[in-house]
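One file, input-v4.txt, carrying compact mmCIF, C-alpha atoms and all ligand atoms:
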```txt
# COMPACT_ATOMS: atom_id res chain seq x y z
CA MET A 1063 9.88 131.28 175.98
CA ASN A 1064 9.52 134.86 174.77
CA GLU A 1065 6.78 135.23 172.20
CA HIS A 1066 6.67 137.96 169.63
CA ASP A 1067 4.11 138.95 167.05
CA ILE A 1068 5.33 139.06 163.49
CA PRO A 1069 6.74 142.58 162.93
CA GLU A 1070 5.38 144.66 160.08
CA GLU A 1071 8.76 144.37 158.38
CA PHE A 1072 7.66 140.83 157.49
CA TYR A 1073 4.21 141.69 156.21
CA SER A 1074 3.40 140.99 152.61
CA PHE A 1075 4.35 143.96 150.45
CA GLU A 1076 1.24 143.43 148.35
CA SER A 1077 -1.35 143.34 151.13
CA ASN A 1078 0.54 145.01 154.00
CA THR A 1079 -0.82 142.28 156.29
CA PRO A 1080 0.78 139.03 157.48
CA PHE A 1081 1.31 136.36 154.83
CA GLU A 1082 -1.54 133.87 154.90
CA ASN A 1083 -0.54 131.20 152.38
CA CYS A 1084 2.48 129.18 151.29
CA ILE A 1085 3.76 130.41 147.92
CA GLU A 1086 4.17 126.84 146.65
CA CYS A 1087 1.23 124.80 147.97
CA GLU A 1088 -1.17 127.53 149.22
CA LYS A 1089 -1.31 125.98 152.69
CA TYR A 1090 -2.88 128.36 155.24
CA LEU A 1091 -0.10 129.56 157.54
CA LEU A 1092 -1.71 131.46 160.38
CA GLU A 1093 -3.09 128.32 162.04
CA GLU A 1094 -1.55 127.90 165.51
CA GLY A 1095 1.55 125.72 165.35
CA THR A 1096 2.09 125.96 161.57
CA GLU A 1097 5.79 126.53 160.87
CA TYR A 1098 6.97 128.54 157.90
CA ILE A 1099 9.68 130.88 156.64
CA ILE A 1100 9.35 134.43 155.32
CA GLU A 1101 12.01 135.82 153.04
CA LYS A 1102 12.13 139.37 151.72
CA ALA A 1103 14.67 141.06 149.49
CA LEU A 1104 14.92 144.83 149.66
CA LYS A 1105 16.88 147.47 147.90
CA SER A 1106 17.53 151.13 148.50
CA TYR A 1107 18.90 153.86 146.28
CA ASP A 1108 21.80 156.18 146.95
CA GLY A 1109 20.64 159.20 148.85
CA PHE A 1110 17.16 157.82 149.49
CA SER A 1111 16.01 156.19 152.66
CA ALA A 1112 13.03 154.52 150.95
CA LYS A 1113 13.33 150.78 150.36
CA ASP A 1114 11.91 148.87 147.46
CA THR A 1115 10.76 145.32 147.97
CA VAL A 1116 12.36 143.24 145.23
CA PHE A 1117 10.43 140.12 146.18
CA ASP A 1118 8.86 138.58 149.25
CA TYR A 1119 7.12 135.33 150.06
CA ALA A 1120 6.25 132.84 152.76
CA ILE A 1121 6.86 129.13 152.36
CA CYS A 1122 5.68 126.27 154.58
CA MET A 1123 8.25 123.89 156.08
CA ASP A 1124 7.22 120.97 153.87
CA CYS A 1125 7.82 122.99 150.71
CA ALA A 1126 11.01 124.56 152.10
CA ASP A 1127 12.36 121.09 152.97
CA ARG A 1128 11.53 119.85 149.50
CA MET A 1129 13.36 122.80 147.95
CA ARG A 1130 16.38 122.28 150.18
CA LYS A 1131 16.63 118.73 148.90
CA GLU A 1132 16.88 120.07 145.37
CA ILE A 1133 19.89 122.18 146.29
CA SER A 1134 23.03 120.15 145.66
CA LYS A 1135 24.73 118.65 148.68
CA GLU A 1136 27.97 120.45 147.82
CA SER A 1137 26.24 123.84 147.66
CA TRP A 1138 24.47 123.18 150.92
CA GLU A 1139 27.66 122.15 152.70
CA SER A 1140 29.54 125.17 151.35
CA MET A 1141 26.84 127.50 152.66
CA MET A 1142 26.82 125.85 156.08
CA LYS A 1143 30.61 126.05 156.22
CA TYR A 1144 30.47 129.73 155.27
CA PHE A 1145 28.14 130.50 158.17
CA GLN A 1146 30.21 128.42 160.59
CA GLU A 1147 33.38 130.23 159.62
CA ASN A 1148 31.99 133.74 159.35
CA MET A 1149 29.41 133.95 162.05
CA ASP A 1150 29.73 134.44 165.71
CA ILE A 1151 27.60 131.70 167.30
CA GLN A 1152 27.35 133.52 170.62
CA GLY A 1153 25.97 136.55 168.79
CA ARG A 1154 23.38 134.34 167.10
CA LEU A 1155 22.26 133.03 170.50
CA GLU A 1156 22.01 136.56 171.84
CA MET A 1157 19.68 137.39 168.95
CA GLN A 1158 17.10 135.10 170.58
CA GLN A 1159 16.86 137.56 173.46
CA ASN A 1160 16.78 140.73 171.36
CA LEU A 1161 13.67 142.46 170.21
CA PRO A 1162 13.08 140.95 166.76
CA THR A 1163 13.37 144.26 164.92
CA GLU A 1164 16.71 144.92 166.63
CA ASN A 1165 18.13 141.92 164.74
CA LEU A 1166 17.21 143.49 161.42
CA LYS A 1167 19.28 146.62 161.93
CA SER A 1168 22.60 145.11 160.90
CA CYS A 1169 23.91 142.22 158.83
CA MET A 1170 24.08 139.01 160.88
CA VAL A 1171 27.46 138.12 159.33
CA LYS A 1172 29.27 141.38 158.54
CA LYS A 1173 27.50 143.63 161.05
CA THR A 1174 27.01 146.23 158.31
CA LYS A 1175 24.34 148.72 159.35
CA ILE A 1176 21.13 148.52 157.37
CA ASP A 1177 21.49 152.14 156.18
CA ASP A 1178 24.81 151.21 154.58
CA CYS A 1179 23.32 148.27 152.67
CA ARG A 1180 22.08 148.94 149.18
CA GLU A 1181 20.61 145.47 149.03
CA TYR A 1182 19.71 143.10 151.78
CA GLN A 1183 17.46 140.21 152.64
CA ILE A 1184 15.53 139.53 155.82
CA TYR A 1185 14.26 136.19 157.08
CA ALA A 1186 11.85 135.08 159.75
CA HIS A 1187 10.89 131.65 161.01
CA CYS A 1188 7.27 131.84 162.12
CA ARG A 1189 4.79 129.62 163.89
CA GLY A 1190 1.20 130.62 163.16
CA ASN A 1191 0.94 134.36 163.84
CA LYS A 1192 4.09 134.46 166.03
CA LEU A 1193 7.81 134.46 165.43
CA ASN A 1194 9.71 131.30 166.33
CA MET A 1195 12.48 132.86 168.43
CA ASP A 1196 14.46 129.60 168.60
CA ASN A 1197 15.52 130.66 165.13
CA PRO A 1198 15.34 134.45 165.46
CA PRO A 1199 14.84 136.78 162.49
CA TYR A 1200 17.94 138.10 160.78
CA MET A 1201 19.21 140.30 157.99
CA ILE A 1202 22.02 139.60 155.55
CA SER A 1203 23.66 142.28 153.46
CA GLY A 1204 24.13 142.23 149.69
CA GLU A 1205 27.82 141.60 150.33
CA VAL A 1206 27.04 138.30 152.08
CA MET A 1207 24.50 137.39 149.39
CA ASP A 1208 27.30 137.82 146.82
CA GLU A 1209 29.73 135.70 148.79
CA LEU A 1210 27.13 132.96 149.18
CA LEU A 1211 26.30 133.04 145.50
CA HIS A 1212 29.93 132.28 144.67
CA LEU A 1213 29.73 129.09 146.73
CA LEU A 1214 26.78 127.66 144.86
CA SER A 1215 26.92 125.21 141.98
CA GLU A 1216 25.45 126.06 138.58
CA LYS A 1217 22.72 123.52 139.23
CA THR A 1218 21.72 125.15 142.50
CA ILE A 1219 21.67 128.59 140.90
CA ASP A 1220 19.43 127.17 138.15
CA GLU A 1221 17.06 125.74 140.77
CA MET A 1222 16.89 129.11 142.51
CA ASN A 1223 16.30 130.98 139.29
CA GLY A 1224 13.59 128.47 138.40
CA PHE A 1225 11.82 129.24 141.66
CA MET A 1226 12.16 132.98 141.06
CA ASN A 1227 10.85 132.78 137.51
CA LYS A 1228 7.93 130.59 138.53
CA HIS A 1229 6.68 132.98 141.20
CA PHE A 1230 7.90 136.46 140.42
CA SER A 1231 8.22 138.82 137.56
CA PRO A 1232 10.03 141.63 139.30
CA ASP A 1233 10.18 145.08 137.82
CA PRO A 1234 13.28 144.88 135.58
CA SER A 1235 14.65 148.14 136.99
CA LEU A 1236 14.83 146.46 140.39
CA MET A 1237 16.96 143.68 138.97
CA GLU A 1238 19.79 146.06 138.03
CA PRO A 1239 22.68 145.76 138.46
CA THR A 1240 22.43 142.33 140.03
CA PRO A 1241 19.45 140.01 140.03
CA PRO A 1242 17.88 139.00 143.33
CA ARG A 1243 18.84 135.62 144.61
CA LEU A 1244 17.19 133.17 146.80
CA ILE A 1245 18.92 131.74 149.80
CA LEU A 1246 16.89 129.35 151.89
CA MET A 1247 18.26 128.51 155.23
ZN ZN B 1301 3.83 124.73 151.08
```

I'd like the structure from this file rewritten - as structure tokens, please.
Amino acid sequence: MNEHDIPEEFYSFESNTPFENCIECEKYLLEEGTEYIIEKALKSYDGFSAKDTVFDYAICMDCADRMRKEISKESWESMMKYFQENMDIQGRLEMQQNLPTENLKSCMVKKTKIDDCREYQIYAHCRGNKLNMDNPPYMISGEVMDELLHLLSEKTIDEMNGFMNKHFSPDPSLMEPTPPRLILM
């Protein structure tokens, strides 16, 4: 299997080094074989190529599984259905063969180029200090984030906001015009 180091795109904004601990339980993540997810939300401004990190974190599989269970079944099924209907499965398989950073250049669902996205989120599934390329890294555009948000129940949105409020106090200017949202997949 092709092994890749974690690209700098997925480094912690705060330390500019790989994430070392789970945001929920503090588990050390860089141990060989430890599985975890990194999520980052970024935003750019019209006419500027610089990106601001709205939030970023790493979460171990145990904590991610626990959080998934808190998401209502209906919301979960709607999200899965959305990806089934809107995503090209062959393309997703091809992403396993791409260079990881190649996958971040356009939205996995809409194919929008990163430079045309004002907001986007990137995800990586890691194992120790490597990427898990069975589930290759991807980017989703703000447009997809909006469509997903509409599929979620109030309860699920409350759970997500609870997680955000517990861990982050983003700069309010970054939250305009739309707040960041958390999608765990
Ligand atoms: Zn954890």

### Query
Hey, can you check how far CA of Pro1199 (chain A) sits from CA of His1229 (chain A)?
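It comes out at 23.1 Å.
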
The residue from A:Ser1140, A:Thr1115, A:Thr1079, A:Gln1158 with the smallest atom-to-atom distance to Asp1196 (chain A), counting only C-alpha atoms, is A:Gln1158

To check your reading of the model: which residues sit at most 7 Å from ligand ZN 1301 (chain B) when counting only C-alpha atoms and all ligand atoms? Write the answer as a JSON list (two decimals) with C-alpha atoms, in the frame of the given file.
```json
[["chain", "number", "residue", "atom", "x", "y", "z"],
["A", 1084, "CYS", "CA", 2.48, 129.18, 151.29],
["A", 1085, "ILE", "CA", 3.76, 130.41, 147.92],
["A", 1086, "GLU", "CA", 4.17, 126.84, 146.65],
["A", 1087, "CYS", "CA", 1.23, 124.80, 147.97],
["A", 1088, "GLU", "CA", -1.17, 127.53, 149.22],
["A", 1089, "LYS", "CA", -1.31, 125.98, 152.69],
["A", 1121, "ILE", "CA", 6.86, 129.13, 152.36],
["A", 1122, "CYS", "CA", 5.68, 126.27, 154.58],
["A", 1123, "MET", "CA", 8.25, 123.89, 156.08],
["A", 1124, "ASP", "CA", 7.22, 120.97, 153.87],
["A", 1125, "CYS", "CA", 7.82, 122.99, 150.71]]
```

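From CA of Met1170 (chain A) back to CA of Ser1137 (chain A), the distance works out to 20.2 Å.
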
In file coordinates, which residues lie within 10 Å of (4.9, 141.8, 168.7) using all atoms listed in the file, given as a list in words?
Glu1065, His1066, Asp1067, Ile1068, Pro1069, Glu1070, Leu1161, Pro1162, Thr1163, Asn1191, Lys1192 and Leu1193 of chain A

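Each of A:Thr1096, A:Ser1231, A:Thr1218, A:Asn1078 was compared to Lys1131 (chain A) using all atoms listed in the file, and A:Thr1218 turns out to be the nearest.
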
Report as JSON the centre and the edge lengths, in Å to one decimal, of the axis-aligned box holding every listed atom of region 1161-1172 of chain A, padded by 6 Å on each side.
```
{"center_x": 21.2, "center_y": 142.4, "center_z": 164.4, "size_x": 28.2, "size_y": 20.5, "size_z": 23.7}
```

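Using only C-alpha atoms, the nearest neighbour of Asn1160 (chain A) within the list A:Lys1173, A:Ile1099, A:Met1226, A:Asn1197 is A:Asn1197.
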
A:Leu1155, A:Leu1091, A:Asp1118, A:Ile1100: which is nearest Phe1230 (chain A), counting all atoms listed in the file?
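Of A:Leu1155, A:Leu1091, A:Asp1118, A:Ile1100, the one nearest Phe1230 (chain A) is A:Asp1118, counting all atoms listed in the file.
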
One decimal place gives the CA of Tyr1073 (chain A)-CA of Lys1102 (chain A) separation as 9.4 Å

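If you measure from each of A:Asn1148, A:Gln1159, A:Met1195, A:Ala1186 to Lys1172 (chain A) using all atoms listed in the file, the closest one turns out to be A:Asn1148.
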
Of A:Ile1219, A:Cys1188, A:Met1149, A:Leu1104, the one sitting nearest Ile1176 (chain A) when using all atoms listed in the file is A:Leu1104
